[in-house]
file input_36.cif (mmCIF, C-alpha atoms and all ligand atoms)
data_upload
#
loop_
_atom_site.label_atom_id
_atom_site.label_comp_id
_atom_site.auth_asym_id
_atom_site.auth_seq_id
_atom_site.Cartn_x
_atom_site.Cartn_y
_atom_site.Cartn_z
CA MET A 1 17.04 -10.51 -50.59
CA LYS A 2 20.27 -11.52 -52.28
CA ASN A 3 23.11 -13.71 -51.14
CA ILE A 4 22.05 -14.10 -47.51
CA HIS A 5 22.90 -16.86 -45.03
CA ILE A 6 19.69 -18.64 -44.00
CA ILE A 7 19.27 -21.26 -41.29
CA ASP A 8 16.01 -22.96 -40.30
CA ASP A 9 15.02 -26.32 -38.82
CA THR A 10 16.64 -28.23 -41.69
CA LEU A 11 18.55 -25.77 -43.94
CA ASP A 12 21.88 -24.00 -43.52
CA ALA A 13 22.90 -22.31 -46.77
CA MET A 14 23.49 -19.16 -48.78
CA ALA A 15 20.38 -18.18 -50.69
CA ASP A 16 18.48 -15.59 -52.71
CA LEU A 17 14.89 -15.02 -51.57
CA VAL A 18 12.05 -13.44 -53.50
CA ILE A 19 9.44 -11.86 -51.20
CA GLU A 20 6.12 -10.62 -52.57
CA ASN A 21 2.90 -9.71 -50.78
CA GLY A 22 4.60 -10.54 -47.49
CA LEU A 23 5.21 -14.14 -48.48
CA ILE A 24 8.24 -16.15 -49.53
CA GLN A 25 7.69 -16.62 -53.28
CA ARG A 26 10.97 -18.20 -54.23
CA ILE A 27 14.13 -19.61 -52.63
CA ASP A 28 17.28 -20.16 -54.68
CA ILE A 29 19.97 -22.04 -52.76
CA LEU A 30 23.42 -20.82 -53.88
CA ASP A 31 26.73 -22.61 -54.06
CA GLY A 32 29.37 -21.49 -51.63
CA THR A 33 30.04 -21.65 -47.94
CA PRO A 34 28.63 -19.02 -45.58
CA ASP A 35 31.11 -16.65 -43.95
CA PRO A 36 30.69 -17.46 -40.23
CA SER A 37 31.42 -13.87 -39.20
CA GLN A 38 28.43 -12.56 -41.18
CA PRO A 39 24.88 -12.20 -39.77
CA VAL A 40 22.42 -15.04 -40.26
CA TYR A 41 18.70 -14.98 -41.10
CA LEU A 42 16.46 -17.33 -39.11
CA PRO A 43 12.66 -17.71 -39.21
CA ALA A 44 11.36 -15.14 -36.69
CA PHE A 45 10.49 -16.69 -33.34
CA THR A 46 7.06 -17.60 -31.96
CA ASP A 47 6.38 -17.40 -28.23
CA LEU A 48 3.65 -19.69 -26.94
CA HIS A 49 3.70 -18.08 -23.52
CA ALA A 50 3.96 -14.39 -22.61
CA HIS A 51 2.26 -11.82 -20.36
CA PHE A 52 1.55 -8.34 -21.77
CA ARG A 53 -0.53 -7.26 -18.71
CA ASP A 54 -3.09 -5.45 -20.86
CA PRO A 55 -5.81 -4.67 -19.80
CA GLY A 56 -5.54 -3.55 -16.23
CA LEU A 57 -1.90 -3.99 -15.28
CA THR A 58 -0.41 -1.71 -17.92
CA TYR A 59 1.95 -0.07 -15.43
CA LYS A 60 3.92 -3.34 -15.83
CA GLU A 61 3.49 -3.69 -19.64
CA ASP A 62 0.92 -2.85 -22.29
CA VAL A 63 0.25 -4.08 -25.80
CA GLU A 64 2.62 -1.52 -27.30
CA SER A 65 5.60 -1.99 -24.95
CA GLY A 66 5.04 -5.75 -25.09
CA SER A 67 4.97 -5.78 -28.89
CA ARG A 68 8.13 -3.65 -29.06
CA ALA A 69 9.84 -6.00 -26.61
CA ALA A 70 8.76 -8.99 -28.69
CA VAL A 71 10.21 -7.70 -31.96
CA ARG A 72 13.38 -6.62 -30.15
CA GLY A 73 13.69 -10.25 -29.08
CA GLY A 74 13.14 -11.51 -32.64
CA TYR A 75 9.51 -12.60 -32.13
CA THR A 76 6.69 -11.89 -34.62
CA ALA A 77 4.01 -14.13 -33.09
CA VAL A 78 3.11 -14.23 -29.42
CA ASN A 79 0.52 -16.15 -27.41
CA LEU A 80 -0.70 -14.12 -24.44
CA MET A 81 -1.78 -15.49 -21.10
CA PRO A 82 -5.12 -14.36 -19.64
CA ASN A 83 -4.12 -13.36 -16.07
CA THR A 84 -4.81 -9.67 -16.71
CA LEU A 85 -7.27 -7.37 -14.88
CA PRO A 86 -9.96 -8.39 -15.57
CA VAL A 87 -8.95 -11.93 -16.47
CA VAL A 88 -9.69 -12.72 -20.13
CA SER A 89 -12.58 -15.20 -19.85
CA SER A 90 -14.44 -14.51 -23.10
CA VAL A 91 -13.75 -14.48 -26.82
CA GLU A 92 -14.84 -10.82 -26.99
CA GLN A 93 -12.18 -9.79 -24.48
CA ALA A 94 -9.58 -11.83 -26.38
CA ARG A 95 -10.47 -10.22 -29.71
CA ASP A 96 -10.13 -6.75 -28.16
CA VAL A 97 -6.52 -7.45 -27.14
CA GLU A 98 -5.71 -9.08 -30.48
CA ASP A 99 -7.23 -6.18 -32.44
CA ARG A 100 -5.32 -3.56 -30.50
CA ILE A 101 -2.09 -5.48 -31.15
CA ALA A 102 -2.92 -5.92 -34.84
CA GLN A 103 -3.32 -2.13 -35.19
CA LEU A 104 0.29 -1.66 -34.07
CA ASP A 105 1.37 -3.90 -36.97
CA LEU A 106 4.45 -5.25 -35.19
CA ILE A 107 3.50 -8.81 -34.24
CA GLN A 108 0.65 -11.27 -34.61
CA ALA A 109 -0.95 -12.16 -31.29
CA ASN A 110 -3.32 -14.75 -29.96
CA GLN A 111 -4.97 -13.97 -26.64
CA VAL A 112 -5.62 -17.12 -24.60
CA VAL A 113 -8.99 -17.43 -22.79
CA SER A 114 -8.98 -18.61 -19.16
CA MET A 115 -10.08 -22.20 -18.58
CA THR A 116 -11.94 -21.38 -15.37
CA LEU A 117 -14.06 -18.25 -15.09
CA ASN A 118 -11.77 -15.40 -13.95
CA GLU A 119 -9.12 -18.02 -13.09
CA HIS A 120 -11.00 -18.71 -9.87
CA GLY A 121 -10.60 -22.44 -10.35
CA GLN A 122 -14.26 -23.24 -9.62
CA ASP A 123 -16.32 -22.95 -12.78
CA CYS A 124 -15.53 -23.78 -16.41
CA SER A 125 -19.08 -23.42 -17.79
CA HIS A 126 -18.08 -20.33 -19.86
CA LEU A 127 -16.15 -22.70 -22.16
CA ARG A 128 -19.41 -24.39 -23.18
CA SER A 129 -20.63 -21.24 -24.91
CA ILE A 130 -17.46 -20.81 -27.00
CA PRO A 131 -17.91 -22.36 -30.46
CA ALA A 132 -15.82 -25.47 -31.16
CA GLY A 133 -12.52 -24.73 -32.86
CA SER A 134 -12.90 -20.95 -32.52
CA ILE A 135 -9.97 -20.51 -30.13
CA PRO A 136 -6.75 -22.53 -30.13
CA PHE A 137 -5.88 -22.51 -26.41
CA VAL A 138 -7.27 -22.15 -22.90
CA SER A 139 -5.18 -21.64 -19.76
CA ASP A 140 -5.29 -20.54 -16.12
CA ASP A 141 -1.61 -19.67 -16.28
CA GLY A 142 -0.21 -18.30 -13.07
CA LYS A 143 -2.19 -20.87 -11.10
CA GLY A 144 -3.06 -24.53 -11.17
CA VAL A 145 -6.66 -25.73 -11.19
CA ASN A 146 -6.74 -27.49 -7.86
CA ARG A 147 -10.20 -29.05 -8.03
CA ASP A 148 -9.91 -32.46 -9.70
CA ASP A 149 -13.59 -32.47 -10.75
CA VAL A 150 -13.26 -29.07 -12.46
CA MET A 151 -10.09 -30.14 -14.25
CA GLU A 152 -11.73 -33.35 -15.47
CA GLU A 153 -14.62 -31.31 -16.86
CA ILE A 154 -12.14 -28.98 -18.61
CA PHE A 155 -10.53 -31.99 -20.29
CA ASN A 156 -13.91 -33.23 -21.48
CA ILE A 157 -15.07 -29.87 -22.83
CA CYS A 158 -11.72 -29.16 -24.52
CA LYS A 159 -11.71 -32.54 -26.19
CA GLU A 160 -15.17 -31.93 -27.62
CA LYS A 161 -14.34 -28.35 -28.71
CA ASP A 162 -10.76 -28.86 -29.88
CA PHE A 163 -9.24 -26.34 -27.46
CA LEU A 164 -5.74 -27.15 -26.24
CA ILE A 165 -5.25 -26.92 -22.47
CA MET A 166 -2.08 -25.00 -21.57
CA ALA A 167 -1.51 -26.10 -18.01
CA HIS A 168 0.34 -24.25 -15.26
CA GLU A 169 1.09 -27.18 -12.98
CA GLU A 170 1.20 -26.10 -9.37
CA ASP A 171 -0.86 -27.77 -6.67
CA ALA A 172 -1.50 -24.90 -4.25
CA ARG A 173 -1.79 -27.30 -1.32
CA TYR A 174 1.94 -27.96 -1.58
CA SER A 175 3.19 -24.55 -2.76
CA PRO A 176 3.98 -23.08 0.68
CA GLN A 177 5.92 -26.18 1.63
CA ASP A 178 7.46 -27.71 -1.49
CA LEU A 179 7.33 -26.23 -4.99
CA ARG A 180 8.79 -29.39 -6.53
CA MET A 181 6.00 -31.48 -5.09
CA ALA A 182 3.51 -28.83 -6.25
CA GLU A 183 4.63 -29.09 -9.90
CA ASN A 184 5.06 -32.84 -9.89
CA ALA A 185 1.79 -33.75 -8.16
CA MET A 186 -0.35 -31.72 -10.54
CA THR A 187 1.58 -32.89 -13.60
CA PHE A 188 0.99 -36.53 -12.58
CA ARG A 189 -2.72 -35.88 -11.94
CA ASP A 190 -3.19 -34.21 -15.31
CA LEU A 191 -1.43 -37.01 -17.17
CA GLN A 192 -3.93 -39.40 -15.60
CA LEU A 193 -6.88 -37.15 -16.42
CA CYS A 194 -5.61 -36.78 -19.99
CA GLU A 195 -5.49 -40.54 -20.39
CA LYS A 196 -8.91 -40.98 -18.81
CA ALA A 197 -10.51 -38.30 -21.01
CA GLY A 198 -8.64 -39.33 -24.15
CA GLY A 199 -7.84 -35.64 -24.44
CA SER A 200 -4.76 -33.56 -25.00
CA ILE A 201 -2.70 -31.17 -22.92
CA HIS A 202 0.28 -28.84 -23.23
CA PHE A 203 2.44 -28.48 -20.13
CA CYS A 204 3.71 -24.94 -19.58
CA HIS A 205 7.20 -24.11 -18.28
CA VAL A 206 8.19 -27.65 -17.26
CA SER A 207 11.03 -27.40 -14.77
CA THR A 208 11.61 -30.68 -12.90
CA ILE A 209 13.27 -33.96 -13.81
CA GLU A 210 10.24 -35.85 -12.47
CA ALA A 211 7.76 -33.89 -14.61
CA ILE A 212 9.77 -34.12 -17.82
CA THR A 213 10.35 -37.86 -17.25
CA ALA A 214 6.62 -38.45 -16.73
CA ILE A 215 5.82 -36.44 -19.88
CA ALA A 216 8.34 -38.48 -21.89
CA GLU A 217 6.71 -41.70 -20.67
CA ALA A 218 3.26 -40.41 -21.53
CA LYS A 219 4.41 -39.50 -25.04
CA ALA A 220 5.93 -42.95 -25.44
CA LYS A 221 2.56 -44.44 -24.46
CA GLY A 222 0.90 -42.41 -27.19
CA LEU A 223 -0.91 -39.79 -25.07
CA ARG A 224 -1.46 -36.50 -26.86
CA VAL A 225 0.76 -34.31 -24.74
CA SER A 226 3.16 -31.52 -25.57
CA CYS A 227 5.34 -29.29 -23.44
CA GLU A 228 7.49 -26.20 -23.32
CA VAL A 229 10.62 -25.25 -21.39
CA CYS A 230 11.76 -21.68 -20.63
CA PRO A 231 15.24 -20.23 -21.31
CA HIS A 232 15.79 -19.13 -17.72
CA HIS A 233 15.20 -22.62 -16.34
CA ILE A 234 18.03 -24.09 -18.41
CA PHE A 235 20.50 -21.20 -18.14
CA PHE A 236 20.86 -20.90 -14.36
CA ASN A 237 20.29 -23.20 -11.41
CA ALA A 238 18.67 -21.76 -8.27
CA GLU A 239 21.95 -20.76 -6.71
CA GLN A 240 23.31 -19.10 -9.87
CA ALA A 241 20.03 -17.17 -10.14
CA ASN A 242 20.43 -16.11 -6.51
CA TYR A 243 16.97 -17.58 -5.87
CA TYR A 244 15.36 -14.98 -8.14
CA ARG A 245 11.60 -15.41 -7.84
CA VAL A 246 9.87 -17.10 -10.74
CA ALA A 247 7.09 -19.68 -10.93
CA PRO A 248 8.07 -22.46 -11.25
CA PRO A 249 11.32 -21.65 -9.44
CA PHE A 250 14.87 -22.10 -10.67
CA ARG A 251 15.82 -25.74 -10.05
CA ASN A 252 19.06 -27.73 -9.80
CA ASP A 253 21.63 -29.14 -12.21
CA ALA A 254 19.94 -32.55 -12.50
CA ASP A 255 16.71 -30.83 -13.54
CA ILE A 256 18.57 -28.71 -16.11
CA ALA A 257 20.26 -31.79 -17.56
CA ALA A 258 16.91 -33.58 -17.85
CA LEU A 259 15.27 -30.58 -19.58
CA ILE A 260 18.14 -30.33 -22.06
CA LYS A 261 17.96 -34.08 -22.72
CA GLY A 262 14.25 -33.57 -23.38
CA MET A 263 15.12 -30.93 -25.96
CA GLN A 264 17.58 -33.29 -27.61
CA ASP A 265 15.25 -36.30 -27.77
CA GLY A 266 12.06 -34.49 -28.80
CA THR A 267 10.21 -34.67 -25.47
CA VAL A 268 10.27 -30.86 -25.37
CA ASP A 269 8.21 -29.37 -28.21
CA ALA A 270 8.92 -25.68 -27.78
CA ILE A 271 10.92 -23.08 -25.93
CA SER A 272 8.64 -20.35 -24.59
CA THR A 273 9.66 -17.29 -22.61
CA ASP A 274 6.99 -16.89 -19.88
CA HIS A 275 7.81 -13.18 -20.35
CA ALA A 276 6.50 -11.78 -17.05
CA PRO A 277 7.23 -8.06 -16.66
CA HIS A 278 6.94 -6.51 -13.19
CA THR A 279 7.93 -3.21 -11.57
CA PRO A 280 10.77 -3.10 -9.03
CA GLU A 281 8.16 -2.46 -6.31
CA ASP A 282 6.13 -5.53 -7.28
CA LYS A 283 9.29 -7.66 -7.39
CA ALA A 284 10.28 -6.35 -3.95
CA ASN A 285 6.85 -7.44 -2.74
CA GLY A 286 7.44 -10.98 -3.98
CA ALA A 287 6.03 -11.04 -7.53
CA ASN A 288 7.18 -14.03 -9.56
CA GLY A 289 8.58 -13.55 -13.03
CA ILE A 290 11.27 -12.52 -15.47
CA SER A 291 11.07 -10.00 -18.31
CA GLY A 292 12.39 -12.58 -20.72
CA ILE A 293 11.29 -12.02 -24.30
CA GLU A 294 14.32 -9.86 -25.19
CA THR A 295 16.92 -12.27 -23.83
CA ALA A 296 15.41 -15.64 -24.79
CA PHE A 297 17.27 -16.28 -28.03
CA SER A 298 20.65 -15.15 -26.72
CA LEU A 299 20.36 -17.26 -23.56
CA CYS A 300 19.36 -20.33 -25.56
CA TYR A 301 21.90 -19.83 -28.32
CA THR A 302 24.71 -19.28 -25.81
CA LYS A 303 23.87 -22.15 -23.48
CA LEU A 304 22.44 -24.73 -25.86
CA VAL A 305 24.16 -24.20 -29.21
CA ARG A 306 27.52 -22.73 -28.19
CA GLY A 307 27.44 -25.12 -25.23
CA GLY A 308 27.27 -28.03 -27.67
CA PHE A 309 23.90 -29.48 -26.61
CA LEU A 310 21.80 -28.60 -29.67
CA THR A 311 22.41 -27.70 -33.29
CA ILE A 312 21.16 -24.32 -34.41
CA ASN A 313 18.62 -26.19 -36.56
CA GLN A 314 17.23 -27.87 -33.44
CA LEU A 315 17.05 -24.50 -31.67
CA VAL A 316 15.16 -22.95 -34.60
CA LYS A 317 12.72 -25.84 -34.50
CA LEU A 318 12.06 -25.26 -30.78
CA MET A 319 11.80 -21.46 -30.98
CA SER A 320 10.08 -21.05 -34.32
CA THR A 321 9.01 -24.04 -36.42
CA THR A 322 7.04 -26.05 -33.86
CA PRO A 323 5.52 -23.19 -31.83
CA SER A 324 4.42 -21.52 -35.11
CA ALA A 325 2.67 -24.72 -36.16
CA MET A 326 1.04 -25.01 -32.72
CA MET A 327 -0.19 -21.41 -33.01
CA ARG A 328 -1.35 -22.19 -36.56
CA VAL A 329 0.76 -19.41 -38.08
CA ALA A 330 2.20 -20.09 -41.56
CA LYS A 331 5.78 -19.24 -40.67
CA GLY A 332 8.73 -20.93 -38.99
CA SER A 333 10.79 -22.26 -41.91
CA PHE A 334 12.21 -21.03 -45.19
CA LYS A 335 9.47 -22.51 -47.39
CA VAL A 336 7.72 -21.08 -50.41
CA GLY A 337 4.29 -19.82 -49.36
CA MET A 338 5.24 -19.14 -45.76
CA ARG A 339 5.04 -15.63 -44.37
CA ALA A 340 8.30 -13.70 -44.74
CA ASP A 341 8.98 -13.39 -41.00
CA PHE A 342 12.71 -13.39 -40.34
CA VAL A 343 15.17 -12.42 -37.67
CA LYS A 344 18.72 -11.31 -38.50
CA VAL A 345 21.15 -12.30 -35.76
CA ASP A 346 24.83 -11.83 -34.99
CA LEU A 347 26.10 -15.19 -33.73
CA THR A 348 29.75 -14.29 -33.24
CA THR A 349 30.07 -11.04 -31.25
CA PRO A 350 29.51 -11.31 -27.51
CA TYR A 351 27.43 -8.66 -25.74
CA VAL A 352 26.29 -7.96 -22.21
CA ILE A 353 22.63 -8.01 -21.16
CA ARG A 354 21.55 -4.59 -19.87
CA SER A 355 17.94 -4.31 -18.75
CA GLU A 356 17.95 -0.53 -19.24
CA GLU A 357 18.05 -1.30 -22.99
CA PHE A 358 14.85 -3.40 -22.82
CA ALA A 359 11.86 -2.12 -24.76
CA SER A 360 9.69 -3.88 -22.20
CA ARG A 361 8.46 -1.83 -19.29
CA GLY A 362 9.63 -4.74 -17.12
CA LYS A 363 13.35 -4.53 -16.36
CA ASN A 364 13.16 -7.55 -14.02
CA THR A 365 15.88 -10.01 -14.96
CA PRO A 366 18.41 -12.15 -13.11
CA PHE A 367 20.65 -11.95 -16.21
CA GLU A 368 21.78 -8.34 -15.79
CA GLY A 369 25.47 -8.14 -16.76
CA GLN A 370 25.52 -11.64 -18.24
CA GLN A 371 27.68 -12.00 -21.37
CA VAL A 372 25.89 -13.81 -24.18
CA TYR A 373 25.99 -14.33 -27.96
CA GLY A 374 23.20 -13.99 -30.50
CA ARG A 375 22.16 -10.34 -30.61
CA VAL A 376 19.05 -9.62 -32.65
CA LEU A 377 19.96 -7.08 -35.33
CA GLU A 378 16.69 -6.88 -37.24
CA THR A 379 13.21 -8.40 -37.17
CA ILE A 380 11.10 -8.64 -40.30
CA LYS A 381 7.37 -9.42 -40.41
CA ALA A 382 5.65 -10.14 -43.72
CA GLY A 383 8.64 -8.69 -45.56
CA LYS A 384 8.63 -5.43 -43.58
CA THR A 385 11.22 -4.38 -40.98
CA VAL A 386 9.52 -4.11 -37.58
CA TYR A 387 12.70 -3.75 -35.51
CA LYS A 388 16.26 -2.68 -36.20
CA ALA A 389 19.02 -2.48 -33.56
O1 LIG A 401 6.87 -16.34 -12.89
C1 LIG A 401 5.74 -16.30 -13.29
N1 LIG A 401 5.10 -15.14 -13.55
N2 LIG A 401 5.09 -17.45 -13.48
C2 LIG A 401 3.80 -17.48 -13.77
O2 LIG A 401 3.26 -18.54 -13.93
C3 LIG A 401 2.99 -16.24 -13.84
C4 LIG A 401 3.86 -15.12 -14.22
C5 LIG A 401 3.20 -13.79 -14.03
O3 LIG A 401 2.07 -13.60 -14.51
O4 LIG A 401 3.83 -12.90 -13.45
#
call {"tool": "encode", "arguments": {"input": "input_36.cif", "output": "structure tokens", "more": "lines below"}}
Ligand code: DOR
result
Amino acid sequence: MKNIHIIDDTLDAMADLVIENGLIQRIDILDGTPDPSQPVYLPAFTDLHAHFRDPGLTYKEDVESGSRAAVRGGYTAVNLMPNTLPVVSSVEQARDVEDRIAQLDLIQANQVVSMTLNEHGQDCSHLRSIPAGSIPFVSDDGKGVNRDDVMEEIFNICKEKDFLIMAHEEDARYSPQDLRMAENAMTFRDLQLCEKAGGSIHFCHVSTIEAITAIAEAKAKGLRVSCEVCPHHIFFNAEQANYYRVAPPFRNDADIAALIKGMQDGTVDAISTDHAPHTPEDKANGANGISGIETAFSLCYTKLVRGGFLTINQLVKLMSTTPSAMMRVAKGSFKVGMRADFVKVDLTTPYVIRSEEFASRGKNTPFEGQQVYGRVLETIKAGKTVYKA
């Protein structure tokens, strides 16, 4: 690849790249200033948090429509949540999903295993039979684990086995009454359990000022915690989103400001999509979620970079470099030896989000008609084009 404009977590330059066997073999930085009207190559994105609904709920999404949606959004690595039908509670089930995605040869996927059996919140003994270090993550995403004793046992097992807990923080006792209290109360409990166990935890889709503040304090104390924020939570407040249903819900401007500050100061480790495709019928019946993997980069680039809150290098770090490292995928920067996974984006021409153009089966978005910047023109995995607009 000759004379291209590359930007990653630290670089912003014109360059020649040599790609062989799917890897970056050589990078020659060139003299000269990039032409800002020309497309830019970034490291392809990694999503720590998405729902492909396969098996069992494939009328909403399946591994193929999900993979096509991912590459259309500029993603080549995706971490899938286990709230399918049945719930993924074993390594064998996880490998089946990963193998079927690998055969499509569009993205690399990791299928997360549930941290309680079938996400019932009662029993985590299945984790004891999974060999230490054999899976990166466990999660009951979609629900919190309400029983304190079960959650404490999960911390202890995961510490011993080196599994990272990806926690959906929502105390169901408070959900009908107060979704802020629901997120905050469980976040505070799990910070205490983390400290007590000497373990580690990753907080999914953090959305409140209280939760992000508590996480920042825990990090300052040296606890091993990480967290992610979703594009939708920083783009719209609840009113702007017309109270579109998502869990956790859209919040207010003070929450948004605190989440963005967390991105600026390093409290937030990654931006993940929580891509949650649903049919119109399921949405009408109250399903939570946004089909978000195809709009994530544009929403973040428009709000955070064009809005003057983050540099594009910081955004690349949050959407690619750090989540790739957390998923243990050798991509996420322009470095010799890394996999040649790139996304070519147009940063200067505005476009309008139209859900009918989504490759995802889920057309559920509160961003219909929204003008944004940062269209994905091409996605490349291991040197091969997997999506072209
Ligand atoms: O909005 C959401 N949708 N939040 C979740 O935690 C679960 C997800 C889903 O599976 O639909």
call {"tool": "closest_residue", "arguments": {"input": "input_36.cif", "among": "A:Phe203, A:Cys124, A:Asp140, A:Asn364", "to": "A:Arg245", "atoms": "only C-alpha atoms"}}
result
A:Asn364
call {"tool": "closest_residue", "arguments": {"input": "input_36.cif", "among": "A:Cys230, A:Met338, A:Met326, A:Ala220", "to": "ligand LIG 401 (chain A)", "atoms": "only C-alpha atoms and all ligand atoms"}}
result
A:Cys230
call {"tool": "residues_around", "arguments": {"input": "input_36.cif", "residues": "stretch 5-7 of chain A", "least_positions_apart": "4", "cutoff": "9 Å", "atoms": "all atoms listed in the file", "output": "list in words"}}
result
Leu11, Asp12, Ala13, Met14, Ala15, Asp16, Pro34, Asp35, Gln38, Pro39, Val40, Tyr41, Leu42, Pro43, Ile312, Asn313, Val316, Ser333 and Phe334 of chain A
call {"tool": "residues_near_point", "arguments": {"input": "input_36.cif", "point": "(6.0, -36.4, -17.9)", "cutoff": "12 Å", "atoms": "all atoms listed in the file", "output": "PyMOL selection string"}}
result
chain A and resi 169+183-192+194+201-204+206-221+223-228+258-259+262+267-268
call {"tool": "residues_around", "arguments": {"input": "input_36.cif", "residues": "A:Val246", "least_positions_apart": "4", "cutoff": "12 Å", "atoms": "all atoms listed in the file", "output": "short mmCIF file (atom, residue, chain, number, x, y, z; two decimals) with C-alpha atoms, keeping the file's coordinate frame"}}
result
data_model
loop_
_atom_site.label_atom_id
_atom_site.label_comp_id
_atom_site.auth_asym_id
_atom_site.auth_seq_id
_atom_site.Cartn_x
_atom_site.Cartn_y
_atom_site.Cartn_z
CA GLY A 142 -0.21 -18.30 -13.07
CA LEU A 179 7.33 -26.23 -4.99
CA HIS A 205 7.20 -24.11 -18.28
CA SER A 207 11.03 -27.40 -14.77
CA CYS A 230 11.76 -21.68 -20.63
CA HIS A 232 15.79 -19.13 -17.72
CA HIS A 233 15.20 -22.62 -16.34
CA ALA A 238 18.67 -21.76 -8.27
CA ALA A 241 20.03 -17.17 -10.14
CA ASN A 242 20.43 -16.11 -6.51
CA PHE A 250 14.87 -22.10 -10.67
CA ARG A 251 15.82 -25.74 -10.05
CA THR A 273 9.66 -17.29 -22.61
CA ASP A 274 6.99 -16.89 -19.88
CA HIS A 275 7.81 -13.18 -20.35
CA ALA A 276 6.50 -11.78 -17.05
CA PRO A 277 7.23 -8.06 -16.66
CA HIS A 278 6.94 -6.51 -13.19
CA LYS A 283 9.29 -7.66 -7.39
CA GLY A 286 7.44 -10.98 -3.98
CA ALA A 287 6.03 -11.04 -7.53
CA ASN A 288 7.18 -14.03 -9.56
CA GLY A 289 8.58 -13.55 -13.03
CA ILE A 290 11.27 -12.52 -15.47
CA SER A 291 11.07 -10.00 -18.31
CA GLY A 292 12.39 -12.58 -20.72
CA ASN A 364 13.16 -7.55 -14.02
CA THR A 365 15.88 -10.01 -14.96
CA PRO A 366 18.41 -12.15 -13.11
#
call {"tool": "closest_residue", "arguments": {"input": "input_36.cif", "among": "A:Phe163, A:Asp255, A:Ser37, A:Ala94", "to": "A:Gly374", "atoms": "all atoms listed in the file"}}
result
A:Ser37
call {"tool": "decode", "arguments": {"input": "input_36.cif", "residues": "stretch 200-211 of chain A", "atoms": "N, CA, C and O atoms", "output": "PDB file, in the first residue's frame"}}
result
ATOM      1  N   SER A 200     -10.294  -9.027  39.607  1.00  0.00           N
ATOM      2  CA  SER A 200     -10.397  -7.973  38.604  1.00  0.00           C
ATOM      3  C   SER A 200     -11.778  -8.024  37.960  1.00  0.00           C
ATOM      4  O   SER A 200     -12.458  -9.055  37.998  1.00  0.00           O
ATOM      5  N   ILE A 201     -12.169  -6.896  37.393  1.00  0.00           N
ATOM      6  CA  ILE A 201     -13.503  -6.795  36.798  1.00  0.00           C
ATOM      7  C   ILE A 201     -13.489  -5.737  35.701  1.00  0.00           C
ATOM      8  O   ILE A 201     -12.754  -4.739  35.783  1.00  0.00           O
ATOM      9  N   HIS A 202     -14.303  -5.992  34.678  1.00  0.00           N
ATOM     10  CA  HIS A 202     -14.533  -5.020  33.603  1.00  0.00           C
ATOM     11  C   HIS A 202     -16.003  -4.614  33.664  1.00  0.00           C
ATOM     12  O   HIS A 202     -16.884  -5.482  33.614  1.00  0.00           O
ATOM     13  N   PHE A 203     -16.259  -3.325  33.779  1.00  0.00           N
ATOM     14  CA  PHE A 203     -17.632  -2.835  33.843  1.00  0.00           C
ATOM     15  C   PHE A 203     -18.130  -2.537  32.434  1.00  0.00           C
ATOM     16  O   PHE A 203     -17.542  -1.725  31.719  1.00  0.00           O
ATOM     17  N   CYS A 204     -19.236  -3.196  32.073  1.00  0.00           N
ATOM     18  CA  CYS A 204     -19.832  -2.995  30.749  1.00  0.00           C
ATOM     19  C   CYS A 204     -20.641  -1.691  30.733  1.00  0.00           C
ATOM     20  O   CYS A 204     -21.159  -1.257  31.762  1.00  0.00           O
ATOM     21  N   HIS A 205     -20.778  -1.141  29.544  1.00  0.00           N
ATOM     22  CA  HIS A 205     -21.650   0.013  29.272  1.00  0.00           C
ATOM     23  C   HIS A 205     -21.937   0.917  30.477  1.00  0.00           C
ATOM     24  O   HIS A 205     -23.090   1.092  30.887  1.00  0.00           O
ATOM     25  N   VAL A 206     -20.877   1.511  31.021  1.00  0.00           N
ATOM     26  CA  VAL A 206     -21.037   2.419  32.166  1.00  0.00           C
ATOM     27  C   VAL A 206     -21.775   3.669  31.686  1.00  0.00           C
ATOM     28  O   VAL A 206     -21.435   4.239  30.642  1.00  0.00           O
ATOM     29  N   SER A 207     -22.771   4.095  32.459  1.00  0.00           N
ATOM     30  CA  SER A 207     -23.595   5.201  31.952  1.00  0.00           C
ATOM     31  C   SER A 207     -23.857   6.320  32.951  1.00  0.00           C
ATOM     32  O   SER A 207     -24.438   7.338  32.566  1.00  0.00           O
ATOM     33  N   THR A 208     -23.479   6.166  34.215  1.00  0.00           N
ATOM     34  CA  THR A 208     -23.808   7.230  35.182  1.00  0.00           C
ATOM     35  C   THR A 208     -22.551   7.927  35.712  1.00  0.00           C
ATOM     36  O   THR A 208     -21.473   7.339  35.784  1.00  0.00           O
ATOM     37  N   ILE A 209     -22.747   9.157  36.129  1.00  0.00           N
ATOM     38  CA  ILE A 209     -21.653   9.927  36.737  1.00  0.00           C
ATOM     39  C   ILE A 209     -21.181   9.260  38.029  1.00  0.00           C
ATOM     40  O   ILE A 209     -19.983   9.229  38.317  1.00  0.00           O
ATOM     41  N   GLU A 210     -22.115   8.686  38.789  1.00  0.00           N
ATOM     42  CA  GLU A 210     -21.733   8.049  40.058  1.00  0.00           C
ATOM     43  C   GLU A 210     -20.882   6.803  39.801  1.00  0.00           C
ATOM     44  O   GLU A 210     -19.880   6.573  40.490  1.00  0.00           O
ATOM     45  N   ALA A 211     -21.273   6.001  38.812  1.00  0.00           N
ATOM     46  CA  ALA A 211     -20.516   4.774  38.526  1.00  0.00           C
ATOM     47  C   ALA A 211     -19.128   5.108  37.994  1.00  0.00           C
ATOM     48  O   ALA A 211     -18.123   4.541  38.443  1.00  0.00           O
TER      49      ALA A 211
END
